[in-house]
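work-v9.txt, holding compact mmCIF, C-alpha atoms:
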```
# COMPACT_ATOMS: atom_id res chain seq x y z
CA MET A 1 32.72 7.05 15.88
CA SER A 2 29.90 6.70 13.32
CA ASP A 3 27.25 6.78 16.07
CA TRP A 4 28.72 9.89 17.64
CA LEU A 5 28.94 11.55 14.25
CA LEU A 6 25.34 10.74 13.33
CA LEU A 7 24.05 12.01 16.67
CA ASN A 8 25.87 15.32 16.34
CA LEU A 9 25.46 15.91 12.62
CA SER A 10 22.09 17.61 12.87
CA THR A 11 23.22 19.83 15.77
CA TYR A 12 26.66 20.87 14.48
CA GLY A 13 25.64 20.42 10.82
CA TYR A 14 27.88 22.29 8.45
CA SER A 15 30.91 22.77 10.71
CA LEU A 16 31.02 19.07 11.66
CA LEU A 17 30.78 18.12 7.99
CA PHE A 18 33.65 20.50 7.13
CA VAL A 19 35.88 19.03 9.86
CA THR A 20 35.03 15.44 8.82
CA THR A 21 35.92 15.83 5.15
CA PHE A 22 39.01 17.87 6.13
CA LEU A 23 40.34 15.09 8.38
CA SER A 24 39.50 12.34 5.87
CA CYS A 25 41.72 14.05 3.26
CA LEU A 26 44.61 13.74 5.71
CA ALA A 27 44.19 9.93 5.89
CA LEU A 28 42.45 10.01 9.28
CA PRO A 29 39.86 7.24 9.66
CA VAL A 30 36.66 9.31 9.85
CA PRO A 31 33.43 8.21 8.11
CA ALA A 32 33.33 11.09 5.61
CA SER A 33 31.12 9.41 3.01
CA LEU A 34 28.56 8.41 5.67
CA ALA A 35 28.59 11.99 6.99
CA MET A 36 27.98 13.40 3.50
CA MET A 37 25.18 10.94 2.78
CA THR A 38 23.46 11.62 6.11
CA ALA A 39 23.79 15.38 5.61
CA GLY A 40 22.32 14.90 2.12
CA ALA A 41 19.38 13.05 3.71
CA PHE A 42 18.93 15.90 6.21
CA ALA A 43 18.88 18.29 3.26
CA ALA A 44 16.10 16.21 1.69
CA SER A 45 14.04 16.36 4.90
CA GLY A 46 14.58 20.12 5.19
CA ASP A 47 16.78 20.01 8.31
CA LEU A 48 19.83 21.31 6.41
CA ILE A 49 20.17 23.36 3.23
CA LEU A 50 21.51 21.42 0.24
CA TRP A 51 23.92 23.98 -1.21
CA ALA A 52 25.38 24.79 2.22
CA THR A 53 25.80 21.06 2.92
CA ALA A 54 27.67 20.46 -0.33
CA GLY A 55 29.63 23.71 0.13
CA SER A 56 30.92 22.85 3.59
CA ALA A 57 31.86 19.30 2.56
CA LEU A 58 33.72 20.69 -0.46
CA GLY A 59 35.44 23.38 1.61
CA GLY A 60 36.70 20.84 4.14
CA ALA A 61 37.93 18.46 1.44
CA VAL A 62 39.78 21.15 -0.52
CA MET A 63 41.40 22.56 2.63
CA GLY A 64 42.38 19.02 3.68
CA ASP A 65 43.98 18.34 0.29
CA GLN A 66 45.94 21.59 0.45
CA THR A 67 47.12 20.84 3.99
CA GLY A 68 48.34 17.35 3.02
CA PHE A 69 50.07 18.70 -0.09
CA MET A 70 51.80 21.54 1.78
CA LEU A 71 52.88 19.33 4.70
CA ALA A 72 54.49 16.85 2.30
CA ARG A 73 56.11 19.65 0.29
CA VAL A 74 57.69 21.31 3.33
CA GLY A 75 58.61 17.92 4.81
CA SER A 76 60.28 16.67 1.63
CA GLY A 77 62.29 19.91 1.34
CA ARG A 78 63.73 19.23 4.77
CA MET A 79 64.43 15.61 3.84
CA SER A 80 66.01 16.29 0.45
CA PRO A 81 69.68 16.12 1.63
CA TYR A 82 68.88 12.61 2.89
CA PHE A 83 67.52 11.57 -0.51
CA VAL A 84 70.36 13.10 -2.54
CA ARG A 85 73.08 11.40 -0.50
CA ASN A 86 72.17 7.92 -1.71
CA ARG A 87 72.06 7.10 -5.42
CA GLY A 88 69.26 4.50 -5.09
CA ARG A 89 67.06 6.86 -3.15
CA ALA A 90 67.76 9.75 -5.55
CA LYS A 91 66.79 7.52 -8.48
CA LEU A 92 63.56 6.47 -6.76
CA ILE A 93 62.60 10.08 -6.09
CA SER A 94 63.31 11.21 -9.65
CA ARG A 95 61.22 8.30 -10.96
CA ALA A 96 58.31 9.26 -8.67
CA ARG A 97 58.65 12.86 -9.85
CA ARG A 98 58.56 11.80 -13.52
CA LEU A 99 55.48 9.62 -12.91
CA THR A 100 53.52 12.35 -11.11
CA ASN A 101 54.38 14.85 -13.84
CA GLN A 102 53.23 12.41 -16.51
CA TYR A 103 50.04 11.02 -14.94
CA GLY A 104 49.56 13.42 -12.02
CA GLY A 105 46.49 15.39 -13.09
CA PRO A 106 44.09 12.56 -13.96
CA GLY A 107 45.53 10.55 -11.07
CA ILE A 108 44.70 13.34 -8.61
CA PHE A 109 41.23 13.76 -10.14
CA LEU A 110 40.35 10.04 -9.91
CA SER A 111 41.84 9.58 -6.44
CA ARG A 112 39.37 12.21 -5.14
CA TRP A 113 36.26 10.15 -5.82
CA LEU A 114 36.68 6.92 -7.83
CA VAL A 115 39.51 5.46 -5.74
CA SER A 116 39.05 7.82 -2.80
CA PRO A 117 40.84 5.65 -0.21
CA LEU A 118 44.05 6.52 -2.10
CA GLY A 119 43.31 10.29 -2.10
CA PRO A 120 45.32 11.37 0.96
CA TYR A 121 48.40 9.47 -0.25
CA ALA A 122 48.13 11.08 -3.68
CA ASN A 123 48.22 14.45 -1.84
CA PHE A 124 51.37 13.49 0.04
CA VAL A 125 53.11 12.15 -3.08
CA SER A 126 52.17 15.24 -5.12
CA GLY A 127 53.49 17.54 -2.41
CA ALA A 128 56.66 15.53 -1.83
CA THR A 129 57.52 15.36 -5.54
CA HIS A 130 56.87 19.12 -5.94
CA TYR A 131 54.02 18.67 -8.40
CA GLN A 132 52.88 22.08 -9.69
CA TRP A 133 50.56 23.64 -7.13
CA HIS A 134 48.06 25.20 -9.56
CA ARG A 135 47.64 21.93 -11.46
CA PHE A 136 47.21 20.00 -8.20
CA THR A 137 44.60 22.52 -7.05
CA LEU A 138 42.60 22.55 -10.30
CA TRP A 139 42.49 18.74 -10.71
CA GLY A 140 41.88 18.40 -6.98
CA ILE A 141 38.91 20.77 -6.78
CA SER A 142 37.25 19.18 -9.83
CA GLY A 143 37.66 15.72 -8.30
CA GLU A 144 36.37 16.79 -4.87
CA LEU A 145 33.37 18.38 -6.58
CA VAL A 146 32.47 14.99 -8.08
CA TRP A 147 33.04 13.26 -4.70
CA VAL A 148 30.87 15.70 -2.76
CA ILE A 149 28.04 15.84 -5.32
CA LEU A 150 28.06 12.04 -5.64
CA TYR A 151 27.66 11.31 -1.92
CA THR A 152 25.39 14.19 -0.90
CA SER A 153 23.01 13.46 -3.76
CA LEU A 154 23.02 9.72 -2.90
CA GLY A 155 21.91 10.70 0.61
CA TYR A 156 19.41 13.21 -0.75
CA VAL A 157 17.77 10.75 -3.14
CA PHE A 158 17.90 7.64 -0.91
CA ALA A 159 17.18 9.37 2.40
CA ALA A 160 14.76 6.62 3.46
CA ASN A 161 17.21 3.78 2.74
CA LEU A 162 20.31 5.36 4.21
CA ASP A 163 21.63 2.23 5.98
CA LEU A 164 21.61 0.02 2.94
CA VAL A 165 22.81 2.69 0.50
CA ALA A 166 25.72 3.57 2.80
CA GLN A 167 26.64 -0.13 2.94
CA ILE A 168 26.50 -0.49 -0.85
CA ALA A 169 28.49 2.71 -1.42
CA SER A 170 31.22 1.65 0.97
CA ASP A 171 31.44 -1.83 -0.62
CA ALA A 172 31.50 -0.31 -4.11
CA SER A 173 34.27 2.10 -3.17
CA GLY A 174 36.23 -0.78 -1.60
CA LEU A 175 35.70 -2.91 -4.69
CA ILE A 176 36.97 -0.21 -7.04
CA ALA A 177 40.05 0.54 -4.91
CA ALA A 178 40.88 -3.16 -4.42
CA SER A 179 40.47 -3.98 -8.11
CA ALA A 180 42.62 -0.97 -9.10
CA ILE A 181 45.39 -2.22 -6.80
CA THR A 182 44.95 -5.79 -8.12
CA VAL A 183 45.33 -4.63 -11.74
CA ALA A 184 48.36 -2.45 -10.90
CA LEU A 185 50.10 -5.29 -9.04
CA GLY A 186 49.20 -7.75 -11.81
CA LEU A 187 50.75 -5.48 -14.46
CA TYR A 188 53.84 -5.05 -12.29
CA LEU A 189 54.22 -8.83 -11.90
CA ILE A 190 53.83 -9.43 -15.66
CA ARG A 191 56.44 -6.78 -16.41
CA ALA A 192 58.83 -8.18 -13.81
CA LYS A 193 58.47 -11.65 -15.37
CA HIS A 194 59.27 -10.27 -18.85
CA ARG A 195 62.32 -8.45 -17.53
CA HIS A 196 63.52 -11.59 -15.82
CA ALA A 197 63.07 -13.64 -19.03
CA LYS A 198 64.98 -11.00 -21.06
CA LYS A 199 67.87 -11.06 -18.60
CA ARG A 200 68.13 -14.83 -18.81
CA ARG A 201 68.21 -14.75 -22.62
CA ALA A 202 70.93 -12.10 -22.65
CA MET B 1 54.73 -8.86 -4.53
CA THR B 2 52.89 -12.03 -5.53
CA LEU B 3 51.56 -12.20 -1.97
CA ALA B 4 50.32 -8.60 -2.20
CA PHE B 5 48.64 -9.42 -5.51
CA VAL B 6 46.83 -12.42 -3.98
CA ALA B 7 45.77 -10.27 -1.00
CA ALA B 8 44.40 -7.55 -3.30
CA LEU B 9 42.57 -10.13 -5.41
CA THR B 10 41.01 -11.65 -2.27
CA ALA B 11 39.88 -8.21 -1.11
CA THR B 12 38.35 -7.54 -4.54
CA MET B 13 36.34 -10.77 -4.40
CA PHE B 14 35.27 -10.07 -0.82
CA PHE B 15 33.81 -6.68 -1.81
CA ALA B 16 32.15 -8.16 -4.91
CA PHE B 17 30.37 -10.81 -2.80
CA ASP B 18 29.33 -8.17 -0.29
CA ILE B 19 27.71 -6.06 -3.00
CA LEU B 20 25.80 -9.08 -4.28
CA SER B 21 24.41 -9.77 -0.81
CA ASP B 22 23.51 -6.05 -0.41
CA ALA B 23 21.61 -6.19 -3.67
CA LYS B 24 19.60 -9.13 -2.33
CA SER B 25 18.55 -7.22 0.79
CA TRP B 26 17.33 -4.33 -1.39
CA LYS B 27 14.02 -6.15 -1.75
CA ASP B 28 13.85 -6.90 1.98
CA PRO B 29 11.08 -4.70 3.47
CA LYS B 30 13.21 -4.37 6.62
CA TYR B 31 15.52 -2.01 4.73
CA ARG B 32 12.88 -0.10 2.82
CA ASP B 33 12.21 2.51 5.49
CA ALA B 34 14.58 3.84 8.08
CA ALA B 35 13.69 2.44 11.52
CA PRO B 36 13.53 5.33 14.03
CA GLN B 37 16.84 5.96 15.80
CA VAL B 38 18.14 8.45 18.35
CA TRP B 39 20.02 10.62 15.83
CA MET B 40 17.03 11.11 13.53
CA THR B 41 14.96 14.27 13.49
CA PRO B 42 11.14 14.20 13.30
CA MET B 43 11.43 15.94 9.92
CA TYR B 44 13.74 13.22 8.63
CA ILE B 45 11.43 10.45 9.85
CA ALA B 46 8.40 12.22 8.35
CA HIS B 47 10.28 12.57 5.04
CA SER B 48 11.38 8.95 4.80
CA TRP B 49 8.00 7.51 5.88
CA LYS B 50 6.05 10.09 3.89
CA VAL B 51 3.92 11.17 6.85
CA ASP B 52 2.91 14.64 8.00
CA PRO B 53 5.68 16.13 10.22
CA LYS B 54 3.15 18.04 12.31
CA GLU B 55 1.12 14.90 13.07
CA LEU B 56 4.29 13.01 13.96
CA GLY B 57 5.33 15.93 16.18
CA SER B 58 2.09 15.88 18.14
CA ALA B 59 2.42 12.09 18.56
CA ILE B 60 5.74 12.65 20.39
CA GLY B 61 4.47 15.47 22.57
CA LEU B 62 5.41 18.54 20.50
CA THR B 63 2.89 21.35 20.52
CA GLU B 64 4.19 22.98 17.34
CA LYS B 65 5.59 21.77 14.00
CA PRO B 66 8.95 20.02 14.70
CA LYS B 67 11.93 22.37 14.68
CA LYS B 68 14.77 21.83 12.19
CA ARG B 69 17.85 19.89 13.36
CA THR B 70 16.27 18.64 16.62
CA THR B 71 16.97 14.94 17.17
CA LEU B 72 14.78 12.45 19.03
CA GLU B 73 17.39 12.57 21.77
CA ASP B 74 17.04 16.36 22.08
CA ILE B 75 13.26 15.98 22.35
CA ALA B 76 13.61 13.26 25.02
CA SER B 77 15.94 15.38 27.16
CA GLU B 78 13.66 18.41 26.75
CA ARG B 79 10.73 16.35 27.98
CA GLY B 80 12.85 14.74 30.69
CA ILE B 81 12.04 11.19 29.58
CA PRO B 82 14.23 8.34 28.25
CA VAL B 83 14.82 8.43 24.48
CA ALA B 84 13.53 4.85 24.22
CA GLN B 85 10.09 6.16 25.15
CA VAL B 86 10.15 8.75 22.34
CA ILE B 87 11.23 6.06 19.88
CA ALA B 88 8.34 3.86 21.07
CA GLU B 89 5.94 6.76 20.49
CA VAL B 90 7.30 7.25 16.97
CA GLN B 91 6.93 3.54 16.25
CA ALA B 92 3.38 3.52 17.57
CA PHE B 93 2.51 6.52 15.40
CA LEU B 94 4.05 4.94 12.29
CA ALA B 95 2.25 1.67 12.98
CA SER B 96 -1.09 3.44 13.36
CA THR B 97 -0.67 5.42 10.12
CA THR B 98 0.33 2.25 8.29
CA ALA B 99 -2.80 0.51 9.60
CA ASP B 100 -4.88 3.41 8.28
CA GLY B 101 -3.25 2.84 4.93
CA LYS B 102 -1.84 6.36 4.90
CA ILE B 103 1.69 5.38 3.94
CA ARG B 104 2.06 5.08 0.18
```
Written form, structure tokens:
Amino acid sequence: MSDWLLLNLSTYGYSLLFVTTFLSCLALPVPASLAMMTAGAFAASGDLILWATAGSALGGAVMGDQTGFMLARVGSGRMSPYFVRNRGRAKLISRARRLTNQYGGPGIFLSRWLVSPLGPYANFVSGATHYQWHRFTLWGISGELVWVILYTSLGYVFAANLDLVAQIASDASGLIAASAITVALGLYLIRAKHRHAKKRRA
Amino acid sequence: MTLAFVAALTATMFFAFDILSDAKSWKDPKYRDAAPQVWMTPMYIAHSWKVDPKELGSAIGLTEKPKKRTTLEDIASERGIPVAQVIAEVQAFLASTTADGKIR
């Protein structure tokens, strides 16, 4: 997949970059960060134009986010009788809705670039919980802007060391996502332990 | 949940170790310049090795300055030769310019 993408990136340039970031925002396993870095390197060598490179990556990402959000929104509307019928499920959904309304914006922003592996799922949750569209779009575009600028400029600056920089970037992104999940699970476990202790005292 | 926590913690440590080993190879000269590959364009190779694109172009049989977005593979198929031969020509050119002390 990566080899095919690299070989075709200079030929299909901007359109291939658009399609790659689009698909990656729908949780499809395409090497979007590698594509952006390589395109950034091609911009440094003069094969591609920098602003058009960043523009097509941004366009694909924003369209991908919107597609994921809308799919989940329409899908959840169809599923809502199923959720309402059961009290447990209804409670779970209302809790998810409350959480996205409370932390949604910054969560969407950070899941675009800092913990980008979680991005597509944040789109689905936002759409399914009927998070406000204009807020989703504003936070989303700002986050994607950071993501695109980060990776294309990494490729632009480190064009000669692309292999190693791509490796470091992918490890760093994995490290941040894994540690975020570790902290979240750790907090959950601590809270569960407290609740359990409280119950036993009562 | 405890199992998931342990799994996430293991993944975190795995990535941390990987980054440390990446940092070590930063100094390795093998990684300093991009070794020529099929997907690269002459302009990209010239940029990363800081050599003249026109000189590189003539070393791989181009009569004019290399065109934008043309990969080594495109050049090989245009010339009707295997891409490995074009890569060998690029390597020979880079080796000769390094010997002349032209790079950096």
### Query
Quick one: residues within 12 Å of Ser58 of chain B, all atoms listed in the file counted, chain neighbours fewer than 5 positions away excluded, as an MDAnalysis selection string?
chainID B and resid 42 52:53 63:66 75 86 89:90 93
Can you check which parts of chain B lie within 9 Å of chain A? Per residue, the shortest pair of atoms and distance in Å to one decimal, counting only C-alpha atoms, sorted by chain and number, as JSON lines.
```
{"residue": "B:Met1", "atom": "CA", "partner": "A:Leu185", "partner_atom": "CA", "distance": 7.4}
{"residue": "B:Thr2", "atom": "CA", "partner": "A:Leu189", "partner_atom": "CA", "distance": 7.3}
{"residue": "B:Ala4", "atom": "CA", "partner": "A:Leu185", "partner_atom": "CA", "distance": 7.6}
{"residue": "B:Phe5", "atom": "CA", "partner": "A:Leu185", "partner_atom": "CA", "distance": 5.6}
{"residue": "B:Val6", "atom": "CA", "partner": "A:Thr182", "partner_atom": "CA", "distance": 8.0}
{"residue": "B:Ala7", "atom": "CA", "partner": "A:Thr182", "partner_atom": "CA", "distance": 8.5}
{"residue": "B:Ala8", "atom": "CA", "partner": "A:Thr182", "partner_atom": "CA", "distance": 5.2}
{"residue": "B:Leu9", "atom": "CA", "partner": "A:Thr182", "partner_atom": "CA", "distance": 5.6}
{"residue": "B:Thr10", "atom": "CA", "partner": "A:Ala178", "partner_atom": "CA", "distance": 8.8}
{"residue": "B:Ala11", "atom": "CA", "partner": "A:Ala178", "partner_atom": "CA", "distance": 6.1}
{"residue": "B:Thr12", "atom": "CA", "partner": "A:Ala178", "partner_atom": "CA", "distance": 5.1}
{"residue": "B:Met13", "atom": "CA", "partner": "A:Leu175", "partner_atom": "CA", "distance": 7.9}
{"residue": "B:Phe14", "atom": "CA", "partner": "A:Leu175", "partner_atom": "CA", "distance": 8.2}
{"residue": "B:Phe15", "atom": "CA", "partner": "A:Leu175", "partner_atom": "CA", "distance": 5.1}
{"residue": "B:Ala16", "atom": "CA", "partner": "A:Leu175", "partner_atom": "CA", "distance": 6.3}
{"residue": "B:Asp18", "atom": "CA", "partner": "A:Asp171", "partner_atom": "CA", "distance": 6.7}
{"residue": "B:Ile19", "atom": "CA", "partner": "A:Ile168", "partner_atom": "CA", "distance": 6.1}
{"residue": "B:Asp22", "atom": "CA", "partner": "A:Ile168", "partner_atom": "CA", "distance": 6.3}
{"residue": "B:Ala23", "atom": "CA", "partner": "A:Ile168", "partner_atom": "CA", "distance": 8.0}
{"residue": "B:Ser25", "atom": "CA", "partner": "A:Leu164", "partner_atom": "CA", "distance": 8.1}
{"residue": "B:Trp26", "atom": "CA", "partner": "A:Leu164", "partner_atom": "CA", "distance": 7.5}
{"residue": "B:Tyr31", "atom": "CA", "partner": "A:Asn161", "partner_atom": "CA", "distance": 6.4}
{"residue": "B:Arg32", "atom": "CA", "partner": "A:Asn161", "partner_atom": "CA", "distance": 5.8}
{"residue": "B:Asp33", "atom": "CA", "partner": "A:Ala160", "partner_atom": "CA", "distance": 5.2}
{"residue": "B:Ala34", "atom": "CA", "partner": "A:Ala160", "partner_atom": "CA", "distance": 5.4}
{"residue": "B:Val38", "atom": "CA", "partner": "A:Leu7", "partner_atom": "CA", "distance": 7.1}
{"residue": "B:Trp39", "atom": "CA", "partner": "A:Leu7", "partner_atom": "CA", "distance": 4.3}
{"residue": "B:Met40", "atom": "CA", "partner": "A:Leu7", "partner_atom": "CA", "distance": 7.7}
{"residue": "B:Thr41", "atom": "CA", "partner": "A:Ser10", "partner_atom": "CA", "distance": 7.9}
{"residue": "B:Met43", "atom": "CA", "partner": "A:Ser45", "partner_atom": "CA", "distance": 5.7}
{"residue": "B:Tyr44", "atom": "CA", "partner": "A:Ser45", "partner_atom": "CA", "distance": 4.9}
{"residue": "B:Ile45", "atom": "CA", "partner": "A:Ser45", "partner_atom": "CA", "distance": 8.1}
{"residue": "B:Ala46", "atom": "CA", "partner": "A:Ser45", "partner_atom": "CA", "distance": 7.8}
{"residue": "B:His47", "atom": "CA", "partner": "A:Ser45", "partner_atom": "CA", "distance": 5.3}
{"residue": "B:Ser48", "atom": "CA", "partner": "A:Ala160", "partner_atom": "CA", "distance": 4.3}
{"residue": "B:Trp49", "atom": "CA", "partner": "A:Ala160", "partner_atom": "CA", "distance": 7.2}
{"residue": "B:Lys67", "atom": "CA", "partner": "A:Asp47", "partner_atom": "CA", "distance": 8.3}
{"residue": "B:Lys68", "atom": "CA", "partner": "A:Asp47", "partner_atom": "CA", "distance": 4.7}
{"residue": "B:Arg69", "atom": "CA", "partner": "A:Ser10", "partner_atom": "CA", "distance": 4.8}
{"residue": "B:Thr70", "atom": "CA", "partner": "A:Ser10", "partner_atom": "CA", "distance": 7.0}
{"residue": "B:Thr71", "atom": "CA", "partner": "A:Ser10", "partner_atom": "CA", "distance": 7.2}
{"residue": "B:Glu73", "atom": "CA", "partner": "A:Leu7", "partner_atom": "CA", "distance": 8.4}
```
### Query
When you draw a straight line from atom CA of Val157 of chain A to atom CA of Gly119 of chain A, how long is it in Å?
25.6 Å
### Task
Could you tell me how far atom CA of Lys54 of chain B lies from atom CA of Tyr151 of chain A, in Å and to one decimal?
29.1 Å
### Message
At a cut-off of 7 Å around the point (7.6, 15.9, 23.4) (file coordinates), what residues fall inside when counting all atoms listed in the file? I'd like the answer as JSON, numbers by chain.
### Response
{"B": [60, 61, 62, 75, 76, 79]}
### Query
Given the choices B:Val51, B:Gln37, B:Leu3, B:Leu20, which gets closest to Thr98 of chain B if the distance is worked out from all atoms listed in the file?
B:Val51
### Message
Would you compute the distance between atom CA of Asn123 of chain A and atom CA of Val74 of chain A? Give it in Å to one decimal.
### Response
12.8 Å
### Message
Considering all atoms listed in the file, can you say which of A:Val146, A:Leu17, A:Ala90, A:Ala96 comes closest to Leu110 of chain A?
### Response
A:Val146
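Remark: for Gly75 of chain A, the closest of the candidate residues A:Leu154, A:Ala128, A:Ile149, A:Ala197 is A:Ala128 (distances computed over only C-alpha atoms).
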### Message
I'd like the neighbourhood of Val30 of chain A as a ChimeraX atom specification, where a residue qualifies if any of its atoms comes within 9 Å (using all atoms listed in the file), though same-chain residues fewer than 2 positions away should be ignored.
### Response
/A:1-2,20-21,23-24,27-28,32-33,35
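For Met63 of chain A, the residues within 10 Å (counting only C-alpha atoms, excluding itself and residues fewer than 4 positions away along the chain) are Phe18, Val19, Thr21, Phe22, Leu23, Cys25, Leu26, Leu58, Gly59, Thr67, Gly68, Phe69 and Ile141 of chain A.
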